[in-house]
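Heads up, work37.pdb below (PDB, C-alpha atoms):
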```
MODEL        1
ATOM      1  CA  THR A   1       0.000   0.000   0.000
ATOM      2  CA  GLU A   2       1.015   3.590  -0.472
ATOM      3  CA  ALA A   3       2.525   5.446   2.483
ATOM      4  CA  THR A   4       0.456   8.174   4.094
ATOM      5  CA  PRO A   5       2.418  11.361   4.843
ATOM      6  CA  GLY A   6       3.176  11.627   8.582
ATOM      7  CA  THR A   7       2.632   7.875   9.165
ATOM      8  CA  PRO A   8       5.593   5.554   9.884
ATOM      9  CA  VAL A   9       6.214   2.853   7.315
ATOM     10  CA  ASN A  10       7.167  -0.547   8.766
ATOM     11  CA  PRO A  11       7.951  -3.632   6.672
ATOM     12  CA  PRO A  12       5.516  -6.545   7.048
ATOM     13  CA  GLY A  13       6.371  -8.724  10.043
ATOM     14  CA  THR A  14       7.922  -5.842  12.003
ATOM     15  CA  SER A  15       6.619  -3.704  14.810
ATOM     16  CA  VAL A  16       7.398  -0.253  16.143
ATOM     17  CA  GLN A  17       9.054  -1.846  19.223
ATOM     18  CA  ASN A  18      11.333  -3.997  17.012
ATOM     19  CA  PRO A  19      11.556  -2.496  13.530
ATOM     20  CA  LEU A  20      13.907  -5.241  12.277
ATOM     21  CA  PRO A  21      12.573  -8.583  11.040
ATOM     22  CA  ASP A  22      13.259 -11.700  13.116
ATOM     23  CA  PHE A  23      14.203 -14.761  11.061
ATOM     24  CA  SER A  24      14.651 -17.168  13.985
ATOM     25  CA  SER A  25      11.376 -19.061  13.377
ATOM     26  CA  LEU A  26      12.192 -19.499   9.685
ATOM     27  CA  VAL A  27      15.729 -20.670  10.488
ATOM     28  CA  THR A  28      14.378 -23.209  13.000
ATOM     29  CA  GLN A  29      11.945 -24.501  10.374
ATOM     30  CA  VAL A  30      14.458 -24.735   7.491
ATOM     31  CA  LYS A  31      17.655 -25.802   9.311
ATOM     32  CA  PRO A  32      16.869 -29.570   9.390
ATOM     33  CA  ALA A  33      16.847 -29.632   5.563
ATOM     34  CA  VAL A  34      20.254 -27.940   5.186
ATOM     35  CA  VAL A  35      23.151 -30.394   4.859
ATOM     36  CA  GLN A  36      26.919 -30.358   4.846
ATOM     37  CA  ILE A  37      28.589 -32.004   1.860
ATOM     38  CA  THR A  38      32.085 -33.473   2.054
ATOM     39  CA  THR A  39      33.929 -34.557  -1.073
ATOM     40  CA  LYS A  40      37.182 -36.455  -1.318
ATOM     41  CA  LEU A  41      39.317 -35.542  -4.299
ATOM     42  CA  GLN A  42      42.626 -36.970  -5.450
ATOM     43  CA  ARG A  43      45.203 -34.306  -6.169
ATOM     44  CA  SER A  44      46.965 -35.004  -9.414
ATOM     45  CA  ALA A  45      50.649 -34.737 -10.278
ATOM     46  CA  SER A  46      49.848 -31.687 -12.459
ATOM     47  CA  ASP A  47      48.340 -29.962  -9.377
ATOM     48  CA  GLU A  48      51.599 -30.624  -7.534
ATOM     49  CA  ASP A  49      53.650 -29.337 -10.503
ATOM     50  CA  GLN A  50      51.660 -26.089 -10.426
ATOM     51  CA  MET A  51      52.364 -25.776  -6.689
ATOM     52  CA  GLN A  52      56.120 -26.058  -7.350
ATOM     53  CA  GLN A  53      55.930 -22.916  -9.483
ATOM     54  CA  LEU A  54      54.615 -20.814  -6.576
ATOM     55  CA  PRO A  55      57.046 -18.714  -4.485
ATOM     56  CA  MET A  56      58.512 -20.655  -1.529
ATOM     57  CA  PRO A  57      56.210 -19.483   1.315
ATOM     58  CA  PHE A  58      53.175 -20.614  -0.679
ATOM     59  CA  ARG A  59      54.569 -24.100  -1.367
ATOM     60  CA  GLN A  60      54.601 -25.005   2.307
ATOM     61  CA  PHE A  61      51.875 -26.792   4.262
ATOM     62  CA  PRO A  62      48.916 -26.916   3.840
ATOM     63  CA  PHE A  63      49.355 -26.535   0.086
ATOM     64  CA  GLY A  64      52.031 -29.234  -0.257
ATOM     65  CA  GLY A  65      54.946 -29.633  -2.588
ATOM     66  CA  GLY A  66      57.822 -28.053  -0.658
ATOM     67  CA  MET A  67      59.348 -28.910   2.688
ATOM     68  CA  GLY A  68      56.487 -28.593   5.132
ATOM     69  CA  PRO A  69      56.414 -28.382   8.912
ATOM     70  CA  PHE A  70      56.131 -32.167   9.157
ATOM     71  CA  GLY A  71      59.371 -32.777   7.294
ATOM     72  CA  HIS A  72      58.094 -34.191   3.988
ATOM     73  CA  SER A  73      59.567 -32.930   0.785
ATOM     74  CA  GLY A  74      58.759 -33.293  -2.868
ATOM     75  CA  PRO A  75      55.414 -33.708  -4.602
ATOM     76  CA  GLN A  76      53.090 -36.281  -3.089
ATOM     77  CA  MET A  77      49.793 -37.659  -4.265
ATOM     78  CA  ARG A  78      47.282 -37.163  -1.484
ATOM     79  CA  ALA A  79      43.577 -37.016  -0.993
ATOM     80  CA  VAL A  80      42.057 -33.581  -0.530
ATOM     81  CA  GLU A  81      38.810 -33.014   1.317
ATOM     82  CA  ALA A  82      36.446 -30.220   0.303
ATOM     83  CA  ARG A  83      33.244 -29.087   1.983
ATOM     84  CA  GLY A  84      30.114 -27.308   0.901
ATOM     85  CA  SER A  85      26.417 -26.961   1.585
ATOM     86  CA  GLY A  86      23.225 -28.249   0.076
ATOM     87  CA  PHE A  87      19.576 -28.702   0.871
ATOM     88  CA  ILE A  88      17.181 -31.618   0.738
ATOM     89  CA  VAL A  89      14.338 -31.097  -1.777
ATOM     90  CA  ASP A  90      12.255 -34.221  -1.197
ATOM     91  CA  GLU A  91      11.624 -36.689   1.624
ATOM     92  CA  ASN A  92      13.460 -39.439  -0.306
ATOM     93  CA  GLY A  93      16.883 -37.761  -0.018
ATOM     94  CA  THR A  94      17.323 -35.745  -3.212
ATOM     95  CA  ILE A  95      19.740 -32.886  -2.522
ATOM     96  CA  VAL A  96      20.651 -29.767  -4.497
ATOM     97  CA  THR A  97      24.141 -28.291  -4.172
ATOM     98  CA  ASN A  98      26.685 -26.504  -6.329
ATOM     99  CA  ASN A  99      28.518 -28.257  -9.137
ATOM    100  CA  HIS A 100      31.847 -26.880  -7.902
ATOM    101  CA  VAL A 101      31.304 -28.681  -4.570
ATOM    102  CA  VAL A 102      31.231 -32.142  -6.198
ATOM    103  CA  LYS A 103      33.294 -31.561  -9.349
ATOM    104  CA  ASN A 104      35.973 -34.270  -9.750
ATOM    105  CA  ALA A 105      34.950 -35.944  -6.481
ATOM    106  CA  LYS A 106      36.066 -39.527  -5.857
ATOM    107  CA  THR A 107      33.515 -39.853  -3.038
ATOM    108  CA  VAL A 108      30.729 -37.645  -1.709
ATOM    109  CA  SER A 109      29.134 -37.816   1.724
ATOM    110  CA  VAL A 110      26.340 -35.786   3.276
ATOM    111  CA  THR A 111      26.001 -34.888   6.951
ATOM    112  CA  LEU A 112      22.426 -34.249   8.035
ATOM    113  CA  ASP A 113      21.449 -31.682  10.655
ATOM    114  CA  ASP A 114      21.192 -34.453  13.285
ATOM    115  CA  GLY A 115      24.841 -35.444  12.659
ATOM    116  CA  THR A 116      24.109 -38.563  10.583
ATOM    117  CA  THR A 117      26.626 -38.977   7.742
ATOM    118  CA  LEU A 118      25.518 -40.833   4.608
ATOM    119  CA  PRO A 119      27.237 -41.681   1.325
ATOM    120  CA  ALA A 120      25.810 -39.733  -1.599
ATOM    121  CA  LYS A 121      25.534 -40.468  -5.289
ATOM    122  CA  VAL A 122      25.845 -37.657  -7.838
ATOM    123  CA  LEU A 123      22.747 -37.889 -10.071
ATOM    124  CA  GLY A 124      23.626 -35.002 -12.343
ATOM    125  CA  THR A 125      25.586 -31.781 -12.717
ATOM    126  CA  ASP A 126      25.438 -28.633 -14.806
ATOM    127  CA  ALA A 127      28.659 -26.610 -14.858
ATOM    128  CA  ARG A 128      27.030 -23.645 -16.641
ATOM    129  CA  THR A 129      24.518 -23.022 -13.826
ATOM    130  CA  ASP A 130      26.830 -24.496 -11.128
ATOM    131  CA  ILE A 131      24.120 -26.908  -9.956
ATOM    132  CA  ALA A 132      24.459 -30.532  -8.912
ATOM    133  CA  VAL A 133      21.850 -33.044  -7.737
ATOM    134  CA  LEU A 134      22.755 -35.753  -5.216
ATOM    135  CA  LYS A 135      20.883 -38.669  -3.676
ATOM    136  CA  VAL A 136      21.232 -40.248  -0.232
ATOM    137  CA  ASP A 137      19.397 -43.248   1.204
ATOM    138  CA  ALA A 138      18.523 -42.512   4.831
ATOM    139  CA  HIS A 139      16.016 -45.395   5.128
ATOM    140  CA  LYS A 140      13.508 -42.869   6.487
ATOM    141  CA  SER A 141      11.654 -39.749   5.359
ATOM    142  CA  LEU A 142      13.805 -36.637   5.546
ATOM    143  CA  PRO A 143      12.851 -33.009   6.187
ATOM    144  CA  TYR A 144      12.954 -31.027   2.966
ATOM    145  CA  ILE A 145      12.579 -27.574   1.499
ATOM    146  CA  GLN A 146       9.872 -27.089  -1.083
ATOM    147  CA  LEU A 147      11.184 -25.155  -4.064
ATOM    148  CA  GLY A 148       9.284 -22.011  -5.006
ATOM    149  CA  ASN A 149       8.697 -20.163  -8.242
ATOM    150  CA  SER A 150      11.321 -17.463  -8.798
ATOM    151  CA  GLU A 151       8.910 -15.586 -11.084
ATOM    152  CA  ASN A 152       6.951 -14.639  -7.941
ATOM    153  CA  VAL A 153       9.934 -12.945  -6.272
ATOM    154  CA  LYS A 154       9.906  -9.132  -6.225
ATOM    155  CA  PRO A 155      12.732  -6.634  -5.674
ATOM    156  CA  GLY A 156      12.736  -5.486  -2.055
ATOM    157  CA  GLU A 157      11.652  -8.845  -0.574
ATOM    158  CA  TRP A 158      13.750 -10.376   2.167
ATOM    159  CA  VAL A 159      15.786 -13.517   1.461
ATOM    160  CA  ILE A 160      17.987 -15.640   3.698
ATOM    161  CA  ALA A 161      20.846 -17.962   2.853
ATOM    162  CA  MET A 162      21.713 -20.892   5.107
ATOM    163  CA  GLY A 163      24.611 -23.273   4.799
ATOM    164  CA  ASN A 164      27.808 -24.775   6.134
ATOM    165  CA  PRO A 165      30.599 -22.744   4.529
ATOM    166  CA  PHE A 166      34.015 -24.357   4.971
ATOM    167  CA  GLY A 167      32.410 -26.945   7.262
ATOM    168  CA  LEU A 168      31.878 -24.318   9.965
ATOM    169  CA  GLY A 169      28.334 -25.374  10.825
ATOM    170  CA  GLY A 170      25.027 -23.705  10.206
ATOM    171  CA  SER A 171      25.399 -20.103   9.116
ATOM    172  CA  VAL A 172      22.565 -17.734   8.279
ATOM    173  CA  THR A 173      22.687 -14.451   6.426
ATOM    174  CA  ALA A 174      19.924 -12.153   5.199
ATOM    175  CA  GLY A 175      19.554  -9.706   2.355
ATOM    176  CA  ILE A 176      17.021  -8.315  -0.027
ATOM    177  CA  VAL A 177      16.230  -9.123  -3.624
ATOM    178  CA  SER A 178      17.802  -6.278  -5.582
ATOM    179  CA  ALA A 179      16.470  -7.061  -9.068
ATOM    180  CA  GLN A 180      14.849  -9.684 -11.270
ATOM    181  CA  GLY A 181      16.423 -11.291 -14.309
TER     182      GLY A 181
ENDMDL
END
```

Write out the structure in this file as structure tokens.
Amino acid sequence: TEATPGTPVNPPGTSVQNPLPDFSSLVTQVKPAVVQITTKLQRSASDEDQMQQLPMPFRQFPFGGGMGPFGHSGPQMRAVEARGSGFIVDENGTIVTNNHVVKNAKTVSVTLDDGTTLPAKVLGTDARTDIAVLKVDAHKSLPYIQLGNSENVKPGEWVIAMGNPFGLGGSVTAGIVSAQG
């Protein structure tokens, strides 16, 4: 509705006592469907060769290649672990994440909000949109997030992002939609 001169304008869901929105109920509702994704990658010899071309301080642990604090030297093939976030989109364990999280993964596992870790299968990826779809078998119905229609989103609406960046646990951030298209 249009603002009336001399009348305060408060966003929906706010009050004069607390003019800022409170997302805690939404976070509590959505958090069980947000998962942590762990991928195991095998570093290749070409990755190690590229590391050898970096200046000395950058070749040391944890990057590998040079003499590290644990006394190893020379290139070594070793597994690398990467972490990311995703969310469950149906009760049967279908998960959406980013393609870059699972790209070149030897194995993928998913840790649910309750701490359960399950092996995951990559069903499909799309590098152009940076989307990947995974599947886990939890042998039970899982909490999930129902996808909406992005055509209904309007500039100025609140949005939140939840995830597990760098394996740090559940993070939440808020912003507003700045534009469509």

Quick one: everything within 6 Å of Thr111 (chain A), counting all atoms listed in the file, minus sequence neighbours fewer than 2 positions away in the same chain. Send it as a list in words.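 With the cut-off at 6 Å, the set is Val35, Gln36, Gly115, Thr116 and Thr117 of chain A.
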
Excluding same-chain residues fewer than 5 positions from Ser109 (chain A), what lies within 9 Å of it counting only C-alpha atoms, as an MDAnalysis selection string? chainID A and resid 36:40 117:121 136

Between CA of Ala174 (chain A) and CA of Phe87 (chain A) - distance in Å to one decimal: 17.1 Å

Answer key for the PyMOL selection byres ((chain A and resi 106) around 8), residues as a list in words: Thr39, Lys40, Leu41, Gln42, Asn104, Ala105, Thr107 and Val108 of chain A

Between A:Ala138, A:Val96, A:Leu147, A:Val110, which has the minimum distance to Leu123 (chain A) (counting only C-alpha atoms)?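 Nearest to Leu123 (chain A): A:Val96.
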
Exactly which residues make up the result of the PyMOL selection byres ((chain A and resi 124) around 10) on this file, given as a count of residues only? 12

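In terms of minimum interatomic distance to Pro155 (chain A), A:Ile176 ranks closest within A:Ile88, A:Ile176, A:Ala79, A:Ile95, counting all atoms listed in the file.
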
Could you please determine the separation between CA of Gly84 (chain A) and CA of Gly169 (chain A) in Å, to one decimal place? 10.3 Å

Distance table requested - region 79-180 of chain A against region 17-31 of chain A, cut-off 9 Å, all atoms listed in the file: one row per qualifying residue with the closest atom pair and its distance in Å to one decimal, ordered by chain and rising residue number, as a Markdown table.
```
| residue | atom | partner | partner_atom | distance |
| --- | --- | --- | --- | --- |
| A:Asp113 | CA | A:Lys31 | CA | 7.1 |
| A:Pro143 | CA | A:Val30 | CA | 8.5 |
| A:Tyr144 | CA | A:Val30 | CA | 7.9 |
| A:Ile145 | CA | A:Val30 | CA | 6.9 |
| A:Ile160 | CA | A:Phe23 | CA | 8.3 |
| A:Met162 | CA | A:Lys31 | CA | 7.6 |
| A:Gly163 | CA | A:Lys31 | CA | 8.7 |
| A:Gly170 | CA | A:Lys31 | CA | 7.7 |
| A:Val172 | CA | A:Val27 | CA | 7.8 |
| A:Ala174 | CA | A:Phe23 | CA | 8.6 |
```

Pick out the closest residue to Gly181 (chain A) from this set: A:Gly167, A:Thr94, A:Lys154, A:Val80. Count all atoms listed in the file. A:Lys154

CA of Ala127 (chain A) to CA of Gln180 (chain A), distance in Å rounded to a single decimal: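 We find that CA of Ala127 (chain A) and CA of Gln180 (chain A) lie 22.1 Å from each other.
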